[in-house]
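File shown: model.pdb. Contents: PDB, C-alpha atoms and all ligand atoms.
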ATOM      1  CA  MET A   1     -26.537  27.753  -1.899
ATOM      2  CA  GLN A   2     -25.493  25.535   1.048
ATOM      3  CA  ASP A   3     -24.855  27.146   4.430
ATOM      4  CA  LEU A   4     -21.338  26.138   5.477
ATOM      5  CA  SER A   5     -21.035  28.709   8.268
ATOM      6  CA  SER A   6     -20.441  25.995  10.879
ATOM      7  CA  LYS A   7     -17.753  24.284   8.745
ATOM      8  CA  LEU A   8     -13.992  24.597   8.586
ATOM      9  CA  ALA A   9     -12.346  23.818   5.265
ATOM     10  CA  ILE A  10      -8.696  23.503   4.279
ATOM     11  CA  VAL A  11      -7.808  24.039   0.627
ATOM     12  CA  THR A  12      -4.242  23.315  -0.432
ATOM     13  CA  GLY A  13      -2.818  25.134  -3.424
ATOM     14  CA  ALA A  14      -5.379  27.892  -2.970
ATOM     15  CA  THR A  15      -3.243  30.747  -4.269
ATOM     16  CA  SER A  16      -4.203  30.399  -7.926
ATOM     17  CA  GLY A  17      -6.255  28.452 -10.438
ATOM     18  CA  ILE A  18      -8.713  25.796  -9.286
ATOM     19  CA  GLY A  19      -7.724  25.943  -5.597
ATOM     20  CA  LEU A  20      -8.266  29.702  -5.340
ATOM     21  CA  GLU A  21     -11.759  29.252  -6.781
ATOM     22  CA  MET A  22     -12.558  26.262  -4.559
ATOM     23  CA  ALA A  23     -11.550  28.322  -1.528
ATOM     24  CA  ARG A  24     -13.646  31.227  -2.779
ATOM     25  CA  GLY A  25     -16.635  28.954  -3.463
ATOM     26  CA  LEU A  26     -16.541  27.446   0.036
ATOM     27  CA  ALA A  27     -15.963  30.836   1.678
ATOM     28  CA  THR A  28     -18.913  32.274  -0.254
ATOM     29  CA  MET A  29     -21.097  29.564   1.335
ATOM     30  CA  GLY A  30     -19.890  30.813   4.719
ATOM     31  CA  ALA A  31     -17.145  28.304   5.549
ATOM     32  CA  THR A  32     -14.126  29.295   7.565
ATOM     33  CA  VAL A  33     -11.276  28.510   5.182
ATOM     34  CA  LEU A  34      -7.607  27.835   5.805
ATOM     35  CA  VAL A  35      -6.164  29.144   2.557
ATOM     36  CA  HIS A  36      -2.948  27.313   1.838
ATOM     37  CA  GLY A  37      -0.079  28.663  -0.232
ATOM     38  CA  ARG A  38       3.547  27.749  -0.675
ATOM     39  CA  THR A  39       4.616  31.020   1.000
ATOM     40  CA  ASP A  40       3.113  33.388   3.591
ATOM     41  CA  GLU A  41       3.061  36.096   0.959
ATOM     42  CA  SER A  42       1.100  34.118  -1.658
ATOM     43  CA  ALA A  43      -1.353  32.740   0.946
ATOM     44  CA  GLY A  44      -1.878  36.262   2.332
ATOM     45  CA  LYS A  45      -2.569  37.625  -1.157
ATOM     46  CA  ALA A  46      -5.100  34.846  -1.833
ATOM     47  CA  VAL A  47      -6.892  35.597   1.454
ATOM     48  CA  ALA A  48      -7.142  39.294   0.542
ATOM     49  CA  GLU A  49      -8.441  38.409  -2.911
ATOM     50  CA  ILE A  50     -11.108  35.995  -1.588
ATOM     51  CA  ALA A  51     -12.096  38.338   1.269
ATOM     52  CA  SER A  52     -12.862  41.052  -1.278
ATOM     53  CA  THR A  53     -15.679  38.895  -2.696
ATOM     54  CA  CYS A  54     -16.924  36.392  -0.096
ATOM     55  CA  GLY A  55     -18.610  38.669   2.418
ATOM     56  CA  HIS A  56     -16.843  37.577   5.621
ATOM     57  CA  ASP A  57     -13.369  37.519   7.091
ATOM     58  CA  ARG A  58     -13.091  33.953   8.416
ATOM     59  CA  LEU A  59     -10.178  33.242   6.087
ATOM     60  CA  HIS A  60      -6.771  32.311   7.383
ATOM     61  CA  PRO A  61      -3.562  32.127   5.358
ATOM     62  CA  ILE A  62      -1.417  29.071   5.990
ATOM     63  CA  ALA A  63       1.889  28.399   4.264
ATOM     64  CA  ALA A  64       3.961  25.284   3.588
ATOM     65  CA  ASP A  65       6.079  23.942   0.766
ATOM     66  CA  LEU A  66       4.442  20.559   0.228
ATOM     67  CA  SER A  67       7.348  19.121  -1.768
ATOM     68  CA  THR A  68       9.133  18.190   1.464
ATOM     69  CA  LEU A  69       7.664  15.614   3.813
ATOM     70  CA  ASP A  70       8.961  17.251   6.997
ATOM     71  CA  THR A  71       7.201  20.432   5.938
ATOM     72  CA  VAL A  72       3.995  18.464   5.346
ATOM     73  CA  ARG A  73       4.343  17.160   8.926
ATOM     74  CA  SER A  74       4.807  20.633  10.401
ATOM     75  CA  PHE A  75       1.946  21.901   8.211
ATOM     76  CA  ALA A  76      -0.354  19.230   9.689
ATOM     77  CA  GLU A  77       0.777  20.134  13.224
ATOM     78  CA  SER A  78       0.101  23.787  12.549
ATOM     79  CA  ILE A  79      -3.406  22.985  11.267
ATOM     80  CA  MET A  80      -4.161  20.793  14.296
ATOM     81  CA  SER A  81      -3.021  23.568  16.638
ATOM     82  CA  GLN A  82      -5.168  26.222  14.875
ATOM     83  CA  ALA A  83      -8.316  24.290  14.067
ATOM     84  CA  SER A  84     -10.747  22.917  16.648
ATOM     85  CA  GLN A  85     -12.494  20.979  13.870
ATOM     86  CA  ILE A  86     -11.770  19.911  10.275
ATOM     87  CA  ASP A  87     -14.892  19.345   8.201
ATOM     88  CA  ILE A  88     -13.497  19.575   4.670
ATOM     89  CA  LEU A  89     -10.002  18.813   3.391
ATOM     90  CA  CYS A  90      -9.357  19.691  -0.249
ATOM     91  CA  ASN A  91      -6.083  18.174  -1.455
ATOM     92  CA  ASN A  92      -5.598  20.328  -4.511
ATOM     93  CA  ALA A  93      -1.986  21.573  -4.695
ATOM     94  CA  GLY A  94      -0.240  20.113  -7.701
ATOM     95  CA  VAL A  95       2.553  20.593 -10.196
ATOM     96  CA  PHE A  96       3.320  19.833 -13.808
ATOM     97  CA  ARG A  97       6.978  20.084 -14.804
ATOM     98  CA  THR A  98       8.597  19.341 -18.135
ATOM     99  CA  GLU A  99      11.982  18.427 -16.656
ATOM    100  CA  ARG A 100      12.635  15.632 -14.155
ATOM    101  CA  THR A 101      13.068  17.434 -10.854
ATOM    102  CA  LEU A 102      13.805  15.952  -7.441
ATOM    103  CA  SER A 103      12.373  17.221  -4.165
ATOM    104  CA  ALA A 104      14.638  17.964  -1.196
ATOM    105  CA  ASP A 105      13.832  14.391  -0.055
ATOM    106  CA  GLY A 106      15.175  13.074  -3.364
ATOM    107  CA  TYR A 107      11.721  12.127  -4.684
ATOM    108  CA  GLU A 108      10.464  12.844  -8.210
ATOM    109  CA  LEU A 109       8.511  16.094  -7.882
ATOM    110  CA  HIS A 110       5.175  15.009  -9.408
ATOM    111  CA  PHE A 111       5.055  11.957  -7.160
ATOM    112  CA  ALA A 112       6.151  14.007  -4.123
ATOM    113  CA  VAL A 113       3.800  16.994  -4.437
ATOM    114  CA  ASN A 114       0.831  15.456  -6.240
ATOM    115  CA  HIS A 115       0.668  12.132  -4.368
ATOM    116  CA  LEU A 116       2.921  11.755  -1.321
ATOM    117  CA  ALA A 117       2.044  15.169   0.157
ATOM    118  CA  PRO A 118      -1.749  14.604   0.138
ATOM    119  CA  PHE A 119      -1.233  10.983   1.235
ATOM    120  CA  LEU A 120       0.756  12.084   4.292
ATOM    121  CA  LEU A 121      -1.299  15.183   5.057
ATOM    122  CA  THR A 122      -4.578  13.260   4.945
ATOM    123  CA  ASN A 123      -3.253  10.525   7.203
ATOM    124  CA  LEU A 124      -1.913  13.072   9.686
ATOM    125  CA  LEU A 125      -5.248  14.940   9.768
ATOM    126  CA  LEU A 126      -7.437  11.830   9.803
ATOM    127  CA  GLU A 127      -8.083  11.772  13.561
ATOM    128  CA  GLY A 128      -9.122  15.444  13.419
ATOM    129  CA  LEU A 129     -11.428  14.715  10.482
ATOM    130  CA  LYS A 130     -12.959  11.719  12.261
ATOM    131  CA  ALA A 131     -13.515  13.792  15.395
ATOM    132  CA  SER A 132     -15.411  16.317  13.220
ATOM    133  CA  ALA A 133     -17.469  13.712  11.330
ATOM    134  CA  PRO A 134     -19.349  14.001   9.069
ATOM    135  CA  ALA A 135     -16.281  15.229   7.197
ATOM    136  CA  ARG A 136     -15.160  15.084   3.585
ATOM    137  CA  ILE A 137     -11.798  14.657   1.867
ATOM    138  CA  ILE A 138     -11.676  15.788  -1.756
ATOM    139  CA  THR A 139      -8.642  15.310  -3.987
ATOM    140  CA  THR A 140      -8.131  17.069  -7.304
ATOM    141  CA  ALA A 141      -7.250  14.214  -9.644
ATOM    142  CA  SER A 142      -7.322  14.392 -13.446
ATOM    143  CA  ALA A 143      -8.369  12.708 -16.663
ATOM    144  CA  ALA A 144      -4.598  12.547 -17.201
ATOM    145  CA  HIS A 145      -4.811   9.219 -15.309
ATOM    146  CA  LYS A 146      -6.127   7.672 -18.540
ATOM    147  CA  GLY A 147      -3.475   5.514 -20.110
ATOM    148  CA  ALA A 148      -1.024   6.314 -17.314
ATOM    149  CA  LYS A 149       1.028   3.537 -15.757
ATOM    150  CA  LEU A 150       1.830   3.254 -12.071
ATOM    151  CA  ASP A 151       5.224   1.546 -12.034
ATOM    152  CA  LEU A 152       5.644   0.493  -8.415
ATOM    153  CA  ASP A 153       9.256  -0.547  -9.108
ATOM    154  CA  ASP A 154      10.150   2.874 -10.488
ATOM    155  CA  VAL A 155       7.682   5.524  -9.310
ATOM    156  CA  MET A 156      10.518   8.085  -9.300
ATOM    157  CA  PHE A 157      11.453   7.593 -12.978
ATOM    158  CA  SER A 158      15.006   6.656 -11.950
ATOM    159  CA  ARG A 159      15.280   3.857 -14.516
ATOM    160  CA  ARG A 160      12.512   4.691 -17.037
ATOM    161  CA  SER A 161      13.175   7.584 -19.354
ATOM    162  CA  PHE A 162      11.365  10.643 -17.996
ATOM    163  CA  ARG A 163       8.337  11.840 -19.929
ATOM    164  CA  PRO A 164       6.496  14.735 -18.284
ATOM    165  CA  TYR A 165       2.969  13.601 -19.138
ATOM    166  CA  ALA A 166       3.758  10.055 -17.965
ATOM    167  CA  ALA A 167       5.061  11.361 -14.631
ATOM    168  CA  TYR A 168       2.107  13.716 -14.185
ATOM    169  CA  GLY A 169      -0.360  11.023 -15.287
ATOM    170  CA  GLN A 170       1.150   8.513 -12.859
ATOM    171  CA  SER A 171       0.701  10.967  -9.978
ATOM    172  CA  LYS A 172      -2.916  11.673 -10.972
ATOM    173  CA  LEU A 173      -3.634   7.945 -11.268
ATOM    174  CA  ALA A 174      -2.174   7.670  -7.767
ATOM    175  CA  ASN A 175      -4.730  10.290  -6.578
ATOM    176  CA  ILE A 176      -7.581   8.013  -7.686
ATOM    177  CA  LEU A 177      -6.036   4.806  -6.323
ATOM    178  CA  PHE A 178      -5.314   6.610  -3.036
ATOM    179  CA  THR A 179      -8.920   7.847  -2.813
ATOM    180  CA  ARG A 180     -10.225   4.288  -3.260
ATOM    181  CA  ALA A 181      -7.781   2.758  -0.789
ATOM    182  CA  LEU A 182      -8.540   5.496   1.735
ATOM    183  CA  ALA A 183     -12.294   5.053   1.263
ATOM    184  CA  ARG A 184     -12.044   1.395   2.335
ATOM    185  CA  ARG A 185     -10.003   2.324   5.394
ATOM    186  CA  ILE A 186     -12.433   5.041   6.571
ATOM    187  CA  GLU A 187     -15.694   3.262   5.704
ATOM    188  CA  GLY A 188     -18.174   3.745   8.555
ATOM    189  CA  SER A 189     -16.166   6.498  10.250
ATOM    190  CA  GLY A 190     -18.359   9.352   9.004
ATOM    191  CA  VAL A 191     -15.447  10.642   6.911
ATOM    192  CA  THR A 192     -15.616  10.163   3.141
ATOM    193  CA  ALA A 193     -13.089  10.521   0.333
ATOM    194  CA  THR A 194     -13.818  11.443  -3.275
ATOM    195  CA  CYS A 195     -11.793  12.840  -6.160
ATOM    196  CA  PHE A 196     -12.519  14.629  -9.403
ATOM    197  CA  HIS A 197     -11.335  15.786 -12.794
ATOM    198  CA  PRO A 198     -11.868  19.543 -13.074
ATOM    199  CA  GLY A 199     -11.743  19.643 -16.874
ATOM    200  CA  VAL A 200      -8.930  21.234 -18.808
ATOM    201  CA  VAL A 201      -8.604  24.539 -17.033
ATOM    202  CA  ALA A 202      -6.815  27.768 -17.923
ATOM    203  CA  THR A 203      -4.307  27.911 -15.050
ATOM    204  CA  GLU A 204      -0.578  28.419 -14.630
ATOM    205  CA  ILE A 205       0.134  24.762 -13.867
ATOM    206  CA  ALA A 206       2.239  23.924 -16.942
ATOM    207  CA  ARG A 207       5.719  25.153 -16.101
ATOM    208  CA  GLY A 208       8.969  24.522 -17.973
ATOM    209  CA  ARG A 209      10.377  24.753 -21.455
ATOM    210  CA  GLY A 210       9.070  21.466 -22.899
ATOM    211  CA  LEU A 211       6.557  21.000 -25.688
ATOM    212  CA  THR A 212       3.643  19.899 -23.441
ATOM    213  CA  ALA A 213       3.880  23.117 -21.420
ATOM    214  CA  LYS A 214       4.168  25.227 -24.599
ATOM    215  CA  VAL A 215       1.099  23.613 -26.185
ATOM    216  CA  PHE A 216      -0.932  23.886 -22.923
ATOM    217  CA  ASN A 217      -0.060  27.545 -22.507
ATOM    218  CA  LEU A 218      -0.812  28.404 -26.157
ATOM    219  CA  ALA A 219      -4.217  26.682 -25.992
ATOM    220  CA  ARG A 220      -5.137  28.245 -22.617
ATOM    221  CA  PRO A 221      -7.639  30.768 -24.036
ATOM    222  CA  PHE A 222      -9.818  27.825 -25.139
ATOM    223  CA  PHE A 223      -9.878  26.076 -21.754
ATOM    224  CA  LYS A 224     -12.408  26.242 -18.882
ATOM    225  CA  THR A 225     -12.130  29.167 -16.493
ATOM    226  CA  PRO A 226     -10.731  28.283 -13.032
ATOM    227  CA  ARG A 227     -14.141  29.067 -11.531
ATOM    228  CA  LYS A 228     -15.828  26.484 -13.761
ATOM    229  CA  GLY A 229     -12.954  24.070 -13.069
ATOM    230  CA  ALA A 230     -13.564  24.415  -9.318
ATOM    231  CA  LYS A 231     -17.281  23.606  -9.582
ATOM    232  CA  THR A 232     -17.073  19.830  -9.094
ATOM    233  CA  GLY A 233     -14.680  20.212  -6.158
ATOM    234  CA  VAL A 234     -16.978  22.688  -4.422
ATOM    235  CA  PHE A 235     -19.936  20.391  -5.131
ATOM    236  CA  LEU A 236     -18.150  17.390  -3.577
ATOM    237  CA  ALA A 237     -17.191  19.465  -0.544
ATOM    238  CA  SER A 238     -20.635  20.851   0.109
ATOM    239  CA  ASP A 239     -23.579  19.238  -1.643
ATOM    240  CA  PRO A 240     -25.988  17.070   0.392
ATOM    241  CA  SER A 241     -26.638  14.884  -2.677
ATOM    242  CA  VAL A 242     -23.144  13.400  -2.283
ATOM    243  CA  ASP A 243     -23.470  12.666   1.436
ATOM    244  CA  GLY A 244     -21.907   9.244   1.892
ATOM    245  CA  ALA A 245     -20.191   9.138  -1.538
ATOM    246  CA  ASN A 246     -16.940   7.364  -0.754
ATOM    247  CA  GLY A 247     -14.141   6.244  -3.072
ATOM    248  CA  ASP A 248     -15.775   7.741  -6.163
ATOM    249  CA  TYR A 249     -14.369   9.788  -9.053
ATOM    250  CA  PHE A 250     -16.445  12.669 -10.455
ATOM    251  CA  VAL A 251     -16.423  14.673 -13.670
ATOM    252  CA  ASP A 252     -18.789  17.638 -14.168
ATOM    253  CA  CYS A 253     -20.437  16.829 -10.813
ATOM    254  CA  LEU A 254     -21.315  13.308 -11.967
ATOM    255  CA  LYS A 255     -19.955  10.055 -10.628
ATOM    256  CA  THR A 256     -17.847   8.622 -13.441
ATOM    257  CA  GLN A 257     -15.911   5.407 -13.885
ATOM    258  CA  PRO A 258     -12.188   6.204 -14.083
ATOM    259  CA  GLU A 259     -10.154   4.269 -16.623
ATOM    260  CA  ILE A 260      -8.814   1.835 -14.071
ATOM    261  CA  SER A 261      -9.473  -1.846 -13.918
ATOM    262  CA  ALA A 262     -12.376  -2.667 -11.635
ATOM    263  CA  ASN A 263     -10.041  -5.075  -9.861
ATOM    264  CA  SER A 264      -7.462  -2.511  -8.899
ATOM    265  CA  GLU A 265      -7.674  -3.246  -5.168
ATOM    266  CA  SER A 266      -4.327  -5.011  -4.986
ATOM    267  CA  LEU A 267      -2.655  -2.120  -6.858
ATOM    268  CA  GLU A 268      -4.332   0.386  -4.527
ATOM    269  CA  ASN A 269      -3.063  -1.506  -1.489
ATOM    270  CA  ALA A 270       0.429  -1.867  -2.968
ATOM    271  CA  LEU A 271       0.534   1.910  -3.596
ATOM    272  CA  TRP A 272      -0.654   2.499  -0.024
ATOM    273  CA  ASP A 273       2.120   0.315   1.394
ATOM    274  CA  LEU A 274       4.799   1.878  -0.833
ATOM    275  CA  SER A 275       3.604   5.366   0.106
ATOM    276  CA  LEU A 276       3.771   4.488   3.816
ATOM    277  CA  ASP A 277       7.360   3.269   3.317
ATOM    278  CA  LEU A 278       8.323   6.413   1.397
ATOM    279  CA  VAL A 279       6.854   8.854   3.909
ATOM    280  CA  GLU A 280       8.470   6.994   6.789
ATOM    281  CA  ALA A 281      11.868   6.597   5.075
TER     282      ALA A 281
HETATM  283  P1  LIG B 301      -2.079  26.177 -10.419
HETATM  284  O1  LIG B 301      -0.646  26.176 -10.782
HETATM  285  O2  LIG B 301      -2.872  27.417 -10.676
HETATM  286  O3  LIG B 301      -2.298  25.788  -8.896
HETATM  287  C1  LIG B 301      -1.463  24.882  -8.238
HETATM  288  C2  LIG B 301      -1.433  25.235  -6.769
HETATM  289  O4  LIG B 301      -0.572  24.276  -6.111
HETATM  290  C3  LIG B 301      -0.834  26.633  -6.520
HETATM  291  O5  LIG B 301      -1.492  27.252  -5.431
HETATM  292  C4  LIG B 301       0.605  26.301  -6.124
HETATM  293  O6  LIG B 301       1.217  27.279  -5.300
HETATM  294  C5  LIG B 301       0.390  24.994  -5.367
HETATM  295  N1  LIG B 301       1.653  24.243  -5.271
HETATM  296  C6  LIG B 301       2.395  23.745  -6.275
HETATM  297  N2  LIG B 301       3.526  23.193  -5.783
HETATM  298  C7  LIG B 301       3.489  23.348  -4.454
HETATM  299  C8  LIG B 301       4.366  23.019  -3.387
HETATM  300  N3  LIG B 301       5.544  22.414  -3.597
HETATM  301  N4  LIG B 301       4.010  23.340  -2.131
HETATM  302  C9  LIG B 301       2.846  23.976  -1.895
HETATM  303  N5  LIG B 301       1.970  24.334  -2.846
HETATM  304  C10 LIG B 301       2.290  24.027  -4.110
HETATM  305  O7  LIG B 301      -2.707  24.931 -11.207
HETATM  306  P2  LIG B 301      -4.159  24.263 -11.204
HETATM  307  O8  LIG B 301      -4.364  23.817 -12.604
HETATM  308  O9  LIG B 301      -5.166  25.102 -10.521
HETATM  309  O10 LIG B 301      -3.859  22.928 -10.350
HETATM  310  C11 LIG B 301      -4.620  22.536  -9.223
HETATM  311  C12 LIG B 301      -4.855  21.041  -9.272
HETATM  312  O11 LIG B 301      -5.691  20.737 -10.387
HETATM  313  C13 LIG B 301      -3.595  20.199  -9.447
HETATM  314  O12 LIG B 301      -3.650  19.107  -8.545
HETATM  315  C14 LIG B 301      -3.690  19.718 -10.885
HETATM  316  O13 LIG B 301      -3.041  18.482 -11.076
HETATM  317  C15 LIG B 301      -5.180  19.595 -11.044
HETATM  318  N6  LIG B 301      -5.666  19.593 -12.431
HETATM  319  C16 LIG B 301      -5.510  20.669 -13.239
HETATM  320  C17 LIG B 301      -5.983  20.645 -14.536
HETATM  321  C18 LIG B 301      -5.868  21.824 -15.464
HETATM  322  O14 LIG B 301      -6.248  21.696 -16.647
HETATM  323  N7  LIG B 301      -5.376  22.965 -15.015
HETATM  324  C19 LIG B 301      -6.620  19.483 -15.030
HETATM  325  C20 LIG B 301      -6.755  18.386 -14.183
HETATM  326  C21 LIG B 301      -6.292  18.455 -12.881
END
Rewrite the structure of this file - the entire thing - as structure tokens.
Amino acid sequence: MQDLSSKLAIVTGATSGIGLEMARGLATMGATVLVHGRTDESAGKAVAEIASTCGHDRLHPIAADLSTLDTVRSFAESIMSQASQIDILCNNAGVFRTERTLSADGYELHFAVNHLAPFLLTNLLLEGLKASAPARIITTASAAHKGAKLDLDDVMFSRRSFRPYAAYGQSKLANILFTRALARRIEGSGVTATCFHPGVVATEIARGRGLTAKVFNLARPFFKTPRKGAKTGVFLASDPSVDGANGDYFVDCLKTQPEISANSESLENALWDLSLDLVEA
């Protein structure tokens, strides 16, 4: 097991599922962990749960609703004021909804929580990460990017008819494109960015009344446990064998080619520019 006792990690969406187990995995290796939840209560409960198994008390609850960009900004400020270093940032919080829902900013919820929030948070914490280099940024993406379309003219599904899996898949494709675009921008800084598919994991992510959520929830007993789902994320955050891995997508702890054209650089840059516009709007 790696010794992370000199490291500070942030895990978003650490109150349940994959994030809770990533936070536990990193804490078990000795890391100080900022355990993020949507509310103080849920973050506090997650800290108590992890503390009961990890063997130390360097766990700190931190709360923010990441669907709203102003809250992401205050979340980043709060982290910068609490943390003297940031060695590991795990962008894990995510949603799956069967109905088209808009955030308080008027953005489609999958795009807002799953892509724009980690995009903004990472950029706001980047100086802190660079100052702590070597540092790692890990984003929980998904195999749901396969076959998904990023429609830069209608990322919010305002004109296309809303299909939950298409909206979720678009946001998860955005996670991979973001990781690649970020990797180019931080090359040589000592900070690296990777992303991963955790497998199909028995969590509470599928919310709503639609068919996709019903099927997911019925099949849950056959899926990976959250602890197994967290394994690749913990590996990317801690393992020396992936020192320097930058811009890569992993499945089962192995570098894997995502189903994206090898020449996606212009799409990655276009997403980056659109995301900058949307977070500054
Ligand atoms: P989960 O519902 O157990 O966890 C999601 C976490 O995100 C929770 O802590 C939740 O509170 C947090 N979150 C959601 N909306 C938020 C908001 N507005 N503000 C702050 N926090 C918010 O589900 P999970 O399956 O563990 O999902 C974690 C990540 O794994 C997601 O990014 C998801 O897309 C990804 N993923 C999951 C699967 C799977 O099969 N479960 C597969 C591939 C990828």
*Select the residues contacting ligand LIG 301 (chain B) at a distance of at most 6 Å, based on only C-alpha atoms and all ligand atoms, then format the selection as an MDAnalysis selection string.*
chainID A and resid 13:19 37:38 64:67 92:95 113 140:142 197:205
_Selected residue, from A:Arg185, A:Ser238, A:Gly244, A:Ala167, that lies nearest to Ser6 in chain A when counting all atoms listed in the file_ = A:Ser238
On this file, the PyMOL selection byres (((chain A and resi 61) around 12) and not hetatm) gives some set of residues; write that set as a compact mmCIF listing (two decimals) with C-alpha atoms, keeping the file's coordinate frame.
# COMPACT_ATOMS: atom_id res chain seq x y z
CA ILE A 10 -8.70 23.50 4.28
CA VAL A 11 -7.81 24.04 0.63
CA THR A 12 -4.24 23.32 -0.43
CA GLY A 13 -2.82 25.13 -3.42
CA ALA A 14 -5.38 27.89 -2.97
CA THR A 15 -3.24 30.75 -4.27
CA LEU A 20 -8.27 29.70 -5.34
CA ALA A 23 -11.55 28.32 -1.53
CA THR A 32 -14.13 29.30 7.56
CA VAL A 33 -11.28 28.51 5.18
CA LEU A 34 -7.61 27.84 5.80
CA VAL A 35 -6.16 29.14 2.56
CA HIS A 36 -2.95 27.31 1.84
CA GLY A 37 -0.08 28.66 -0.23
CA ARG A 38 3.55 27.75 -0.68
CA THR A 39 4.62 31.02 1.00
CA ASP A 40 3.11 33.39 3.59
CA GLU A 41 3.06 36.10 0.96
CA SER A 42 1.10 34.12 -1.66
CA ALA A 43 -1.35 32.74 0.95
CA GLY A 44 -1.88 36.26 2.33
CA LYS A 45 -2.57 37.62 -1.16
CA ALA A 46 -5.10 34.85 -1.83
CA VAL A 47 -6.89 35.60 1.45
CA ALA A 48 -7.14 39.29 0.54
CA GLU A 49 -8.44 38.41 -2.91
CA ILE A 50 -11.11 35.99 -1.59
CA ALA A 51 -12.10 38.34 1.27
CA ASP A 57 -13.37 37.52 7.09
CA ARG A 58 -13.09 33.95 8.42
CA LEU A 59 -10.18 33.24 6.09
CA HIS A 60 -6.77 32.31 7.38
CA ILE A 62 -1.42 29.07 5.99
CA ALA A 63 1.89 28.40 4.26
CA ALA A 64 3.96 25.28 3.59
CA PHE A 75 1.95 21.90 8.21
CA SER A 78 0.10 23.79 12.55
CA ILE A 79 -3.41 22.98 11.27
CA GLN A 82 -5.17 26.22 14.88
*Quick one: of A:Thr71, A:Ala237, A:Leu121, A:Arg220, who's nearest to Ala31 in chain A, counting only C-alpha atoms?*
A:Ala237
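For the atom pair formed by CA of Trp272 in chain A and CA of Lys130 in chain A, the distance is 19.7 Å, given to one decimal.
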*Please evaluate the PyMOL selection byres (((chain A and resi 171) around 8) and not hetatm) against the structure above and give the resulting residues as a PyMOL selection string.*
chain A and resi 110-111+114-115+145+167-170+172-175
*Could you tell me how far CA of Ser81 in chain A lies from CA of Ala112 in chain A, in Å and to one decimal?*
24.6 Å
*Just so the selection is clear, what residues does the PyMOL selection byres (((chain A and resi 162-165) around 8) and not hetatm) cover here, as number ranges by chain?*
A: 96-100, 144, 157, 160-161, 166-169, 212
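Picture a line from CA of Glu77 in chain A to CA of Ala104 in chain A; it runs 20.1 Å.
If all atoms listed in the file are the atoms counted, then among A:Thr139, A:Asn217, A:Ser264, A:Gln2 the closest residue to Pro240 in chain A is A:Gln2.
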*Taking (-17.5, 16.5, -2.1) in the file's own coordinates, collect the residues within 10 Å, counting all atoms listed in the file, and hand them back as a ChimeraX atom specification.*
/A:88-90,135-139,192-196,232-246,248,250,253
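Using only C-alpha atoms, the nearest neighbour of Val251 in chain A within the list A:Leu218, A:Ala27, A:Ala143, A:Ala183 is A:Ala143.
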*Which is closer to Phe178 in chain A than all the others in A:Ala148, A:Leu124, A:Leu276, A:Leu129, using only C-alpha atoms?*
A:Leu276
Given 8 Å of margin on each side, can you work out the centre and size in Å (one decimal) of an axis-aligned box holding every listed atom of range 173-178 of chain A, as lines of an AutoDock Vina configuration file?
center_x = -4.9
center_y = 7.5
center_z = -7.2
size_x = 21.4
size_y = 21.5
size_z = 24.2
